[in-house]
>>> print(open('query-v3.pdb').read())   # PDB, C-alpha atoms and all ligand atoms
ATOM      1  CA  MET A  17      11.627  13.304  38.160
ATOM      2  CA  TYR A  18      13.686  10.219  37.301
ATOM      3  CA  ALA A  19      14.007   9.992  33.492
ATOM      4  CA  PRO A  20      17.508   8.910  32.418
ATOM      5  CA  ALA A  21      18.164   8.721  28.674
ATOM      6  CA  GLY A  22      17.411   5.320  27.141
ATOM      7  CA  VAL A  23      15.686   4.005  30.293
ATOM      8  CA  LYS A  24      12.009   2.955  30.115
ATOM      9  CA  THR A  25       9.770   3.917  33.020
ATOM     10  CA  ASN A  26       6.010   3.781  33.631
ATOM     11  CA  THR A  27       3.829   6.403  35.339
ATOM     12  CA  ASP A  28       2.205   3.606  37.391
ATOM     13  CA  TYR A  29       5.562   3.245  39.150
ATOM     14  CA  PRO A  30       6.876   6.768  39.765
ATOM     15  CA  ILE A  31      10.559   6.878  40.709
ATOM     16  CA  PRO A  32      12.129   9.691  42.747
ATOM     17  CA  ASP A  33      15.576  11.104  41.939
ATOM     18  CA  THR A  34      16.920  10.273  45.379
ATOM     19  CA  MET A  35      16.303   7.472  47.860
ATOM     20  CA  LYS A  36      17.023   6.477  51.433
ATOM     21  CA  ALA A  37      20.024   4.151  51.754
ATOM     22  CA  TRP A  38      21.984   2.616  54.611
ATOM     23  CA  VAL A  39      25.685   3.349  54.204
ATOM     24  CA  LEU A  40      28.585   1.606  55.928
ATOM     25  CA  GLY A  41      30.920   3.897  57.879
ATOM     26  CA  ASP A  42      33.461   2.565  60.357
ATOM     27  CA  PRO A  43      33.229  -1.147  61.272
ATOM     28  CA  GLY A  44      29.848  -1.845  62.863
ATOM     29  CA  GLN A  45      28.368   1.531  61.885
ATOM     30  CA  LEU A  46      25.515   1.953  59.436
ATOM     31  CA  SER A  47      23.856   5.311  58.849
ATOM     32  CA  LEU A  48      20.758   6.264  56.898
ATOM     33  CA  THR A  49      21.495   8.799  54.159
ATOM     34  CA  ASP A  50      20.185   9.988  50.790
ATOM     35  CA  LYS A  51      21.667   8.646  47.556
ATOM     36  CA  PRO A  52      20.729   9.183  43.911
ATOM     37  CA  VAL A  53      18.503   6.420  42.550
ATOM     38  CA  PRO A  54      20.883   4.311  40.386
ATOM     39  CA  VAL A  55      20.468   4.077  36.619
ATOM     40  CA  PRO A  56      20.300   0.710  34.806
ATOM     41  CA  LYS A  57      22.634   0.229  31.850
ATOM     42  CA  ARG A  58      22.202  -2.175  28.953
ATOM     43  CA  ALA A  59      20.776  -5.567  30.067
ATOM     44  CA  GLU A  60      19.979  -4.168  33.526
ATOM     45  CA  VAL A  61      16.769  -3.146  35.301
ATOM     46  CA  LEU A  62      15.958  -0.940  38.264
ATOM     47  CA  VAL A  63      14.373  -2.891  41.128
ATOM     48  CA  ARG A  64      12.192  -1.227  43.771
ATOM     49  CA  ILE A  65      13.191  -3.171  46.854
ATOM     50  CA  ASP A  66      10.118  -4.483  48.698
ATOM     51  CA  ALA A  67      11.832  -6.777  51.225
ATOM     52  CA  VAL A  68      15.378  -7.600  52.263
ATOM     53  CA  ALA A  69      16.782 -10.302  54.539
ATOM     54  CA  ILE A  70      19.834  -9.835  56.730
ATOM     55  CA  CYS A  71      22.389 -12.582  56.155
ATOM     56  CA  ALA A  72      25.165 -13.590  58.543
ATOM     57  CA  THR A  73      27.516 -12.534  55.753
ATOM     58  CA  ASP A  74      26.063  -9.011  55.931
ATOM     59  CA  LEU A  75      27.125  -8.903  59.579
ATOM     60  CA  GLU A  76      30.616 -10.162  58.646
ATOM     61  CA  ILE A  77      30.877  -7.385  56.077
ATOM     62  CA  ILE A  78      29.545  -4.666  58.374
ATOM     63  CA  TYR A  79      31.807  -5.589  61.282
ATOM     64  CA  HIS A  80      34.909  -6.955  59.526
ATOM     65  CA  GLY A  81      34.851  -6.110  55.796
ATOM     66  CA  PRO A  82      35.483  -9.286  53.753
ATOM     67  CA  PRO A  83      34.150 -10.867  51.618
ATOM     68  CA  ALA A  84      33.051  -7.421  50.411
ATOM     69  CA  SER A  85      35.604  -5.594  48.262
ATOM     70  CA  ILE A  86      34.923  -1.990  47.324
ATOM     71  CA  LEU A  87      37.311   0.030  45.149
ATOM     72  CA  GLY A  88      39.799  -2.797  45.504
ATOM     73  CA  GLY A  89      39.822  -2.871  49.305
ATOM     74  CA  MET A  90      37.877  -2.852  52.555
ATOM     75  CA  PRO A  91      34.272  -1.622  52.267
ATOM     76  CA  HIS A  92      34.262   0.819  55.193
ATOM     77  CA  ASN A  93      33.810   4.579  54.655
ATOM     78  CA  LYS A  94      33.322   4.213  50.900
ATOM     79  CA  ASN A  95      29.652   5.225  50.646
ATOM     80  CA  PHE A  96      28.879   1.495  50.277
ATOM     81  CA  THR A  97      25.396   0.028  50.798
ATOM     82  CA  PRO A  98      25.423  -3.660  51.897
ATOM     83  CA  GLY A  99      22.586  -6.211  51.549
ATOM     84  CA  HIS A 100      22.289  -9.080  49.077
ATOM     85  CA  GLU A 101      19.154 -11.083  49.951
ATOM     86  CA  TYR A 102      16.389  -8.876  48.606
ATOM     87  CA  MET A 103      13.385  -8.972  46.322
ATOM     88  CA  GLY A 104      11.174  -6.363  44.742
ATOM     89  CA  THR A 105       9.394  -5.019  41.706
ATOM     90  CA  VAL A 106      10.929  -4.108  38.344
ATOM     91  CA  VAL A 107      10.234  -0.374  37.887
ATOM     92  CA  ALA A 108      12.554   0.668  35.036
ATOM     93  CA  LEU A 109      14.192  -1.103  32.102
ATOM     94  CA  GLY A 110      17.679  -0.325  30.851
ATOM     95  CA  PRO A 111      18.354  -0.046  27.091
ATOM     96  CA  GLY A 112      17.487  -3.206  25.160
ATOM     97  CA  VAL A 113      15.640  -4.994  27.976
ATOM     98  CA  ASP A 114      12.410  -6.776  27.014
ATOM     99  CA  GLU A 115      12.900  -9.950  29.068
ATOM    100  CA  TYR A 116      11.148  -8.447  32.104
ATOM    101  CA  LYS A 117       8.216  -6.067  32.427
ATOM    102  CA  ILE A 118       7.710  -3.017  34.601
ATOM    103  CA  GLY A 119       5.554  -4.100  37.557
ATOM    104  CA  GLN A 120       6.890  -7.678  37.606
ATOM    105  CA  ARG A 121       7.776  -9.168  41.015
ATOM    106  CA  ILE A 122      11.230 -10.702  41.138
ATOM    107  CA  THR A 123      13.878 -11.894  43.536
ATOM    108  CA  VAL A 124      17.579 -11.511  42.884
ATOM    109  CA  GLU A 125      20.790 -13.474  42.698
ATOM    110  CA  ILE A 126      23.976 -11.779  43.902
ATOM    111  CA  HIS A 127      26.401 -12.219  41.027
ATOM    112  CA  ALA A 128      26.413 -10.812  37.532
ATOM    113  CA  GLY A 129      29.658 -11.967  35.953
ATOM    114  CA  CYS A 130      31.569  -9.837  33.476
ATOM    115  CA  GLY A 131      30.496 -12.247  30.717
ATOM    116  CA  GLN A 132      33.866 -12.101  28.994
ATOM    117  CA  CYS A 133      36.458 -13.830  31.215
ATOM    118  CA  LYS A 134      37.205 -17.536  30.910
ATOM    119  CA  ARG A 135      35.163 -18.495  33.959
ATOM    120  CA  CYS A 136      32.128 -16.491  32.900
ATOM    121  CA  ARG A 137      32.292 -18.038  29.445
ATOM    122  CA  GLU A 138      32.198 -21.441  31.125
ATOM    123  CA  GLY A 139      29.159 -20.399  33.154
ATOM    124  CA  MET A 140      31.107 -20.088  36.421
ATOM    125  CA  TYR A 141      30.200 -16.448  36.863
ATOM    126  CA  THR A 142      30.250 -16.560  40.666
ATOM    127  CA  ALA A 143      34.038 -17.047  40.366
ATOM    128  CA  CYS A 144      34.474 -14.271  37.756
ATOM    129  CA  HIS A 145      38.117 -13.336  37.141
ATOM    130  CA  ASN A 146      37.036  -9.688  37.051
ATOM    131  CA  TYR A 147      35.404  -9.851  40.514
ATOM    132  CA  GLY A 148      35.215  -6.318  41.854
ATOM    133  CA  LEU A 149      36.972  -4.766  38.874
ATOM    134  CA  ASN A 150      34.504  -2.022  38.226
ATOM    135  CA  TYR A 151      35.990   1.181  39.521
ATOM    136  CA  GLY A 152      38.290   3.946  38.340
ATOM    137  CA  ASP A 153      39.027   3.568  34.639
ATOM    138  CA  VAL A 154      37.983  -0.090  34.702
ATOM    139  CA  ASP A 155      34.402  -1.151  34.132
ATOM    140  CA  LYS A 156      34.229  -4.865  33.506
ATOM    141  CA  GLY A 157      30.477  -4.963  34.065
ATOM    142  CA  HIS A 158      30.879  -7.309  37.031
ATOM    143  CA  ARG A 159      28.409  -6.869  39.882
ATOM    144  CA  ALA A 160      28.083  -8.693  43.163
ATOM    145  CA  ASN A 161      25.455  -6.536  44.831
ATOM    146  CA  GLY A 162      26.179  -6.057  48.516
ATOM    147  CA  PHE A 163      29.756  -7.326  47.977
ATOM    148  CA  THR A 164      31.487  -5.327  45.216
ATOM    149  CA  THR A 165      28.637  -2.995  44.249
ATOM    150  CA  ASP A 166      25.819  -1.379  46.196
ATOM    151  CA  GLY A 167      23.297  -3.837  47.596
ATOM    152  CA  GLY A 168      19.771  -3.962  48.954
ATOM    153  CA  PHE A 169      19.725  -1.970  52.203
ATOM    154  CA  CYS A 170      18.060   0.886  50.301
ATOM    155  CA  GLU A 171      14.937   1.647  48.268
ATOM    156  CA  TYR A 172      16.107   0.923  44.699
ATOM    157  CA  GLN A 173      18.924  -1.104  43.158
ATOM    158  CA  VAL A 174      20.204  -2.011  39.704
ATOM    159  CA  ASN A 175      20.352  -5.681  38.711
ATOM    160  CA  HIS A 176      21.524  -7.414  35.542
ATOM    161  CA  ILE A 177      18.677  -9.408  33.996
ATOM    162  CA  ASN A 178      20.729 -12.599  34.453
ATOM    163  CA  THR A 179      20.379 -12.123  38.215
ATOM    164  CA  LEU A 180      16.580 -11.905  38.255
ATOM    165  CA  VAL A 181      14.187 -14.712  39.140
ATOM    166  CA  ALA A 182      10.440 -14.304  38.497
ATOM    167  CA  ILE A 183       8.291 -15.258  41.491
ATOM    168  CA  PRO A 184       4.644 -16.354  41.704
ATOM    169  CA  ASP A 185       1.924 -14.177  43.245
ATOM    170  CA  GLU A 186       1.315 -16.749  46.009
ATOM    171  CA  MET A 187       4.857 -16.326  47.355
ATOM    172  CA  SER A 188       5.195 -13.651  50.048
ATOM    173  CA  ASP A 189       7.821 -10.926  49.847
ATOM    174  CA  GLU A 190       9.533 -12.352  52.925
ATOM    175  CA  GLU A 191       9.730 -15.872  51.470
ATOM    176  CA  ALA A 192      11.008 -14.508  48.171
ATOM    177  CA  THR A 193      14.053 -12.918  49.827
ATOM    178  CA  LEU A 194      15.296 -16.450  50.593
ATOM    179  CA  VAL A 195      14.696 -18.117  47.223
ATOM    180  CA  VAL A 196      18.316 -17.932  46.103
ATOM    181  CA  THR A 197      19.591 -18.907  49.547
ATOM    182  CA  ALA A 198      17.373 -22.004  49.474
ATOM    183  CA  GLY A 199      18.499 -22.665  45.902
ATOM    184  CA  THR A 200      22.103 -22.688  47.088
ATOM    185  CA  ALA A 201      21.256 -25.425  49.573
ATOM    186  CA  MET A 202      19.442 -27.407  46.873
ATOM    187  CA  TYR A 203      22.489 -26.993  44.630
ATOM    188  CA  GLY A 204      24.694 -28.343  47.423
ATOM    189  CA  LEU A 205      22.575 -31.471  47.693
ATOM    190  CA  THR A 206      22.574 -31.950  43.922
ATOM    191  CA  GLU A 207      26.347 -31.483  43.699
ATOM    192  CA  LEU A 208      26.769 -34.200  46.279
ATOM    193  CA  GLY A 209      25.014 -36.603  43.971
ATOM    194  CA  GLY A 210      21.482 -35.986  45.152
ATOM    195  CA  LEU A 211      19.884 -37.030  48.381
ATOM    196  CA  VAL A 212      18.599 -40.513  49.099
ATOM    197  CA  ALA A 213      16.015 -40.748  51.876
ATOM    198  CA  GLY A 214      17.488 -42.298  55.015
ATOM    199  CA  GLU A 215      21.064 -41.224  54.332
ATOM    200  CA  SER A 216      23.030 -39.087  56.754
ATOM    201  CA  VAL A 217      23.751 -35.479  55.836
ATOM    202  CA  VAL A 218      26.487 -33.406  57.462
ATOM    203  CA  VAL A 219      26.194 -29.632  57.107
ATOM    204  CA  THR A 220      29.303 -27.739  58.210
ATOM    205  CA  GLY A 221      29.517 -24.053  59.012
ATOM    206  CA  PRO A 222      25.861 -23.204  58.527
ATOM    207  CA  GLY A 223      24.748 -19.643  58.034
ATOM    208  CA  PRO A 224      21.301 -19.069  56.520
ATOM    209  CA  ILE A 225      22.123 -21.295  53.539
ATOM    210  CA  GLY A 226      23.028 -24.189  55.794
ATOM    211  CA  LEU A 227      19.985 -23.728  57.984
ATOM    212  CA  LEU A 228      17.774 -23.815  54.895
ATOM    213  CA  GLY A 229      19.799 -26.796  53.741
ATOM    214  CA  VAL A 230      18.934 -28.587  56.961
ATOM    215  CA  ALA A 231      15.254 -27.853  56.373
ATOM    216  CA  VAL A 232      15.495 -29.086  52.787
ATOM    217  CA  ALA A 233      17.414 -32.228  53.747
ATOM    218  CA  LYS A 234      14.960 -33.070  56.535
ATOM    219  CA  ALA A 235      12.005 -32.498  54.224
ATOM    220  CA  MET A 236      13.607 -34.870  51.724
ATOM    221  CA  GLY A 237      13.995 -37.594  54.313
ATOM    222  CA  ALA A 238      17.622 -37.329  55.382
ATOM    223  CA  HIS A 239      18.358 -38.948  58.715
ATOM    224  CA  PRO A 240      20.141 -37.827  60.756
ATOM    225  CA  VAL A 241      21.128 -34.270  59.830
ATOM    226  CA  ILE A 242      24.328 -33.335  61.651
ATOM    227  CA  LEU A 243      25.545 -29.755  61.951
ATOM    228  CA  THR A 244      29.138 -28.830  62.674
ATOM    229  CA  GLY A 245      30.537 -25.385  63.298
ATOM    230  CA  THR A 246      31.224 -22.694  65.798
ATOM    231  CA  ARG A 247      28.635 -19.979  65.430
ATOM    232  CA  ASP A 248      26.048 -19.394  68.133
ATOM    233  CA  ASN A 249      23.084 -19.829  65.833
ATOM    234  CA  ARG A 250      23.960 -23.492  65.466
ATOM    235  CA  LEU A 251      23.244 -23.998  69.143
ATOM    236  CA  LYS A 252      19.631 -23.078  68.527
ATOM    237  CA  ILE A 253      19.142 -26.013  66.209
ATOM    238  CA  GLY A 254      19.718 -28.547  68.957
ATOM    239  CA  LEU A 255      21.510 -30.980  66.674
ATOM    240  CA  GLU A 256      24.942 -32.502  67.074
ATOM    241  CA  LEU A 257      27.726 -29.898  67.035
ATOM    242  CA  ALA A 258      31.448 -30.167  66.418
ATOM    243  CA  PRO A 259      34.033 -27.399  65.927
ATOM    244  CA  THR A 260      35.443 -26.673  62.508
ATOM    245  CA  THR A 261      37.982 -24.092  61.387
ATOM    246  CA  SER A 262      38.879 -25.044  57.843
ATOM    247  CA  SER A 263      38.132 -22.615  55.032
ATOM    248  CA  MET A 264      34.932 -22.642  53.073
ATOM    249  CA  CYS A 265      36.649 -23.626  49.814
ATOM    250  CA  ALA A 266      38.642 -26.437  51.341
ATOM    251  CA  ARG A 267      35.527 -27.851  52.900
ATOM    252  CA  ARG A 268      33.648 -27.590  49.641
ATOM    253  CA  MET A 269      36.386 -29.503  47.855
ATOM    254  CA  ARG A 270      36.369 -32.214  50.479
ATOM    255  CA  SER A 271      32.599 -32.378  50.306
ATOM    256  CA  ARG A 272      32.799 -33.022  46.593
ATOM    257  CA  GLN A 273      35.456 -35.648  47.044
ATOM    258  CA  ARG A 274      33.247 -37.398  49.533
ATOM    259  CA  ALA A 275      30.206 -37.256  47.332
ATOM    260  CA  GLY A 276      28.917 -40.662  46.521
ATOM    261  CA  SER A 277      31.803 -42.420  48.214
ATOM    262  CA  THR A 278      30.712 -42.499  51.835
ATOM    263  CA  GLU A 279      27.511 -42.884  53.734
ATOM    264  CA  ALA A 280      27.600 -39.380  55.184
ATOM    265  CA  ARG A 281      27.504 -36.534  52.740
ATOM    266  CA  ALA A 282      28.692 -33.081  53.650
ATOM    267  CA  TRP A 283      28.689 -29.599  52.348
ATOM    268  CA  THR A 284      29.263 -26.199  53.820
ATOM    269  CA  THR A 285      27.766 -22.750  53.591
TER
HETATM  270 ZN    ZN B 301      23.589 -14.384  52.192
HETATM  271 ZN    ZN B 302      33.936 -12.858  34.359
END
>>> encode(input="query-v3.pdb", output="structure tokens")
Amino acid sequence: MYAPAGVKTNTDYPIPDTMKAWVLGDPGQLSLTDKPVPVPKRAEVLVRIDAVAICATDLEIIYHGPPASILGGMPHNKNFTPGHEYMGTVVALGPGVDEYKIGQRITVEIHAGCGQCKRCREGMYTACHNYGLNYGDVDKGHRANGFTTDGGFCEYQVNHINTLVAIPDEMSDEEATLVVTAGTAMYGLTELGGLVAGESVVVTGPGPIGLLGVAVAKAMGAHPVILTGTRDNRLKIGLELAPTTSSMCARRMRSRQRAGSTEARAWTT
């Protein structure tokens, strides 16, 4: 039975020693295997995964590799479990954790910064200087579950408490998997100076974040909402399309430069 030293568990939520997990082999190949249930360290909890969404980025990782980085390189054939849009129930507490309770429903954010580099100290933990540096003799405490550490295509995963978001009982498991994705779209609108009803919004390169962004912008009264990009899923939206090839970061920078200065506001996902 699962009982690591220093980890609090509860008999109401029995935890096995091993779990089912999808593991990435060659590009495009996932196989179902057994893995040990991971153990939370200080300031971490063990989450029983109740629902997981599949993001377009998961497909990028499975078929091509980046932006995942495992052991300093491509993620294939490294016993890596993808998946980053999941929610679940806290079932074990690592040493020192009293911020969350066993049995609490939560959804998760991807990134736990190292907490000690310059960017983390400024609160920019998603751009941690120690991104992926948690292998071999180096353990910087950085996690980006589904990107640099094991993710949610399995039964249990470890999350830092800073990556947890409590969710209300009325919210379904399925909805909860998309809370952080929707939050990213809301953040995009806020970064652009907020949305004024009647303004135009341009969303470039939409994956799930952009599609939720479109829903958010429409609900807030944006008109029209224009999508640009090249992926097939954009065709399903039936809105105006235009090709774009520039990188995500470059587009984000331009979006910020545009913020507040033109009628159309843009961001990318
Ligand atoms: Zn995603
Ligand atoms: Zn950092």
>>> residues_around(input="query-v3.pdb", residues="range 45-57 of chain A", least_positions_apart="4", cutoff="7 Å", atoms="all atoms listed in the file", output="list in words")
Asp33, Thr34, Met35, Lys36, Ala37, Trp38, Val39, Leu40, Gly41, Val61, Leu62, Leu109, Gly110, Pro111, Tyr172, Gln173 and Val174 of chain A
>>> resolve_selection(input="query-v3.pdb", expression="the PyMOL selection byres (((chain A and resi 106) around 7) and not hetatm)", output="PyMOL selection string")
chain A and resi 61-64+104-105+107-108+117-121
>>> atom_distance(input="query-v3.pdb", atom1="CA of Glu186 in chain A", atom2="CA of Ala231 in chain A")
20.6 Å
>>> atom_distance(input="query-v3.pdb", atom1="CA of Glu60 in chain A", atom2="CA of Gly199 in chain A")
22.3 Å
>>> resolve_selection(input="query-v3.pdb", expression="the PyMOL selection byres (((chain A and resi 43) around 7) and not hetatm)", output="ChimeraX atom specification")
/A:41-42,44-45,78-80,92
>>> residues_near_point(input="query-v3.pdb", point="(28.8, -11.3, 31.5)", cutoff="9 Å", atoms="all atoms listed in the file", output="ChimeraX atom specification")
/A:128-133,136-137,141,144,156-158,178
>>> atom_distance(input="query-v3.pdb", atom1="CA of Leu228 in chain A", atom2="CA of Ala143 in chain A")
22.8 Å
>>> residues_near_ligand(input="query-v3.pdb", ligand="ligand ZN 301 (chain B)", cutoff="12 Å", atoms="all atoms listed in the file", output="PDB file with C-alpha atoms, in the coordinates of the input")
ATOM      1  CA  VAL A  68      15.378  -7.600  52.263  1.00  0.00           C
ATOM      2  CA  ALA A  69      16.782 -10.302  54.539  1.00  0.00           C
ATOM      3  CA  ILE A  70      19.834  -9.835  56.730  1.00  0.00           C
ATOM      4  CA  CYS A  71      22.389 -12.582  56.155  1.00  0.00           C
ATOM      5  CA  ALA A  72      25.165 -13.590  58.543  1.00  0.00           C
ATOM      6  CA  THR A  73      27.516 -12.534  55.753  1.00  0.00           C
ATOM      7  CA  ASP A  74      26.063  -9.011  55.931  1.00  0.00           C
ATOM      8  CA  LEU A  75      27.125  -8.903  59.579  1.00  0.00           C
ATOM      9  CA  GLU A  76      30.616 -10.162  58.646  1.00  0.00           C
ATOM     10  CA  ILE A  77      30.877  -7.385  56.077  1.00  0.00           C
ATOM     11  CA  PRO A  83      34.150 -10.867  51.618  1.00  0.00           C
ATOM     12  CA  ALA A  84      33.051  -7.421  50.411  1.00  0.00           C
ATOM     13  CA  PRO A  98      25.423  -3.660  51.897  1.00  0.00           C
ATOM     14  CA  GLY A  99      22.586  -6.211  51.549  1.00  0.00           C
ATOM     15  CA  HIS A 100      22.289  -9.080  49.077  1.00  0.00           C
ATOM     16  CA  GLU A 101      19.154 -11.083  49.951  1.00  0.00           C
ATOM     17  CA  TYR A 102      16.389  -8.876  48.606  1.00  0.00           C
ATOM     18  CA  VAL A 124      17.579 -11.511  42.884  1.00  0.00           C
ATOM     19  CA  GLU A 125      20.790 -13.474  42.698  1.00  0.00           C
ATOM     20  CA  ILE A 126      23.976 -11.779  43.902  1.00  0.00           C
ATOM     21  CA  HIS A 127      26.401 -12.219  41.027  1.00  0.00           C
ATOM     22  CA  ALA A 160      28.083  -8.693  43.163  1.00  0.00           C
ATOM     23  CA  ASN A 161      25.455  -6.536  44.831  1.00  0.00           C
ATOM     24  CA  GLY A 162      26.179  -6.057  48.516  1.00  0.00           C
ATOM     25  CA  PHE A 163      29.756  -7.326  47.977  1.00  0.00           C
ATOM     26  CA  GLY A 167      23.297  -3.837  47.596  1.00  0.00           C
ATOM     27  CA  GLY A 168      19.771  -3.962  48.954  1.00  0.00           C
ATOM     28  CA  THR A 193      14.053 -12.918  49.827  1.00  0.00           C
ATOM     29  CA  LEU A 194      15.296 -16.450  50.593  1.00  0.00           C
ATOM     30  CA  VAL A 195      14.696 -18.117  47.223  1.00  0.00           C
ATOM     31  CA  VAL A 196      18.316 -17.932  46.103  1.00  0.00           C
ATOM     32  CA  THR A 197      19.591 -18.907  49.547  1.00  0.00           C
ATOM     33  CA  ALA A 198      17.373 -22.004  49.474  1.00  0.00           C
ATOM     34  CA  GLY A 199      18.499 -22.665  45.902  1.00  0.00           C
ATOM     35  CA  THR A 200      22.103 -22.688  47.088  1.00  0.00           C
ATOM     36  CA  ALA A 201      21.256 -25.425  49.573  1.00  0.00           C
ATOM     37  CA  PRO A 222      25.861 -23.204  58.527  1.00  0.00           C
ATOM     38  CA  GLY A 223      24.748 -19.643  58.034  1.00  0.00           C
ATOM     39  CA  PRO A 224      21.301 -19.069  56.520  1.00  0.00           C
ATOM     40  CA  ILE A 225      22.123 -21.295  53.539  1.00  0.00           C
ATOM     41  CA  GLY A 226      23.028 -24.189  55.794  1.00  0.00           C
ATOM     42  CA  LEU A 227      19.985 -23.728  57.984  1.00  0.00           C
ATOM     43  CA  LEU A 228      17.774 -23.815  54.895  1.00  0.00           C
ATOM     44  CA  THR A 285      27.766 -22.750  53.591  1.00  0.00           C
TER      45      THR A 285
END
>>> residues_around(input="query-v3.pdb", residues="Tyr151 in chain A", least_positions_apart="2", cutoff="12 Å", atoms="all atoms listed in the file", output="ChimeraX atom specification")
/A:85-89,146-149,153-159,164-165
>>> closest_residue(input="query-v3.pdb", among="A:Glu115, A:His145, A:Asp66, A:Pro91", to="ligand ZN 302 (chain B)", atoms="only C-alpha atoms and all ligand atoms")
A:His145
>>> resolve_selection(input="query-v3.pdb", expression="the PyMOL selection byres (((chain A and resi 233) around 9) and not hetatm)", output="list in words")
Ala201, Met202, Leu205, Leu211, Ala213, Val217, Leu228, Gly229, Val230, Ala231, Val232, Lys234, Ala235, Met236, Gly237, Ala238, His239 and Val241 of chain A
>>> closest_residue(input="query-v3.pdb", among="A:Asn93, A:Thr27, A:Thr123, A:Thr142", to="ligand ZN 302 (chain B)", atoms="all atoms listed in the file")
A:Thr142
>>> build_atoms(input="query-v3.pdb", residues="range 66-79 of chain A", atoms="N, CA and C atoms", output="PDB file, keeping the file's coordinate frame")
ATOM      1  N   ASP A  66      11.311  -4.343  47.853  1.00  0.00           N
ATOM      2  CA  ASP A  66      10.118  -4.483  48.698  1.00  0.00           C
ATOM      3  C   ASP A  66      10.416  -5.225  49.993  1.00  0.00           C
ATOM      4  N   ALA A  67      11.453  -6.058  49.999  1.00  0.00           N
ATOM      5  CA  ALA A  67      11.832  -6.777  51.225  1.00  0.00           C
ATOM      6  C   ALA A  67      13.297  -7.174  51.122  1.00  0.00           C
ATOM      7  N   VAL A  68      13.975  -7.183  52.249  1.00  0.00           N
ATOM      8  CA  VAL A  68      15.378  -7.600  52.263  1.00  0.00           C
ATOM      9  C   VAL A  68      15.651  -8.390  53.528  1.00  0.00           C
ATOM     10  N   ALA A  69      16.377  -9.496  53.385  1.00  0.00           N
ATOM     11  CA  ALA A  69      16.782 -10.302  54.539  1.00  0.00           C
ATOM     12  C   ALA A  69      18.173  -9.858  54.977  1.00  0.00           C
ATOM     13  N   ILE A  70      18.486 -10.129  56.228  1.00  0.00           N
ATOM     14  CA  ILE A  70      19.834  -9.835  56.730  1.00  0.00           C
ATOM     15  C   ILE A  70      20.545 -11.165  56.905  1.00  0.00           C
ATOM     16  N   CYS A  71      21.620 -11.335  56.156  1.00  0.00           N
ATOM     17  CA  CYS A  71      22.389 -12.582  56.155  1.00  0.00           C
ATOM     18  C   CYS A  71      23.529 -12.463  57.170  1.00  0.00           C
ATOM     19  N   ALA A  72      23.987 -13.608  57.662  1.00  0.00           N
ATOM     20  CA  ALA A  72      25.165 -13.590  58.543  1.00  0.00           C
ATOM     21  C   ALA A  72      26.358 -12.964  57.823  1.00  0.00           C
ATOM     22  N   THR A  73      26.417 -13.139  56.517  1.00  0.00           N
ATOM     23  CA  THR A  73      27.516 -12.534  55.753  1.00  0.00           C
ATOM     24  C   THR A  73      27.415 -11.010  55.767  1.00  0.00           C
ATOM     25  N   ASP A  74      26.201 -10.460  55.802  1.00  0.00           N
ATOM     26  CA  ASP A  74      26.063  -9.011  55.931  1.00  0.00           C
ATOM     27  C   ASP A  74      26.736  -8.529  57.215  1.00  0.00           C
ATOM     28  N   LEU A  75      26.527  -9.295  58.294  1.00  0.00           N
ATOM     29  CA  LEU A  75      27.125  -8.903  59.579  1.00  0.00           C
ATOM     30  C   LEU A  75      28.645  -9.005  59.515  1.00  0.00           C
ATOM     31  N   GLU A  76      29.155 -10.037  58.843  1.00  0.00           N
ATOM     32  CA  GLU A  76      30.616 -10.162  58.646  1.00  0.00           C
ATOM     33  C   GLU A  76      31.144  -8.919  57.939  1.00  0.00           C
ATOM     34  N   ILE A  77      30.439  -8.533  56.883  1.00  0.00           N
ATOM     35  CA  ILE A  77      30.877  -7.385  56.077  1.00  0.00           C
ATOM     36  C   ILE A  77      30.825  -6.105  56.910  1.00  0.00           C
ATOM     37  N   ILE A  78      29.724  -5.899  57.612  1.00  0.00           N
ATOM     38  CA  ILE A  78      29.545  -4.666  58.374  1.00  0.00           C
ATOM     39  C   ILE A  78      30.599  -4.544  59.478  1.00  0.00           C
ATOM     40  N   TYR A  79      30.873  -5.661  60.148  1.00  0.00           N
ATOM     41  CA  TYR A  79      31.807  -5.589  61.282  1.00  0.00           C
ATOM     42  C   TYR A  79      33.262  -5.783  60.882  1.00  0.00           C
TER      43      TYR A  79
END
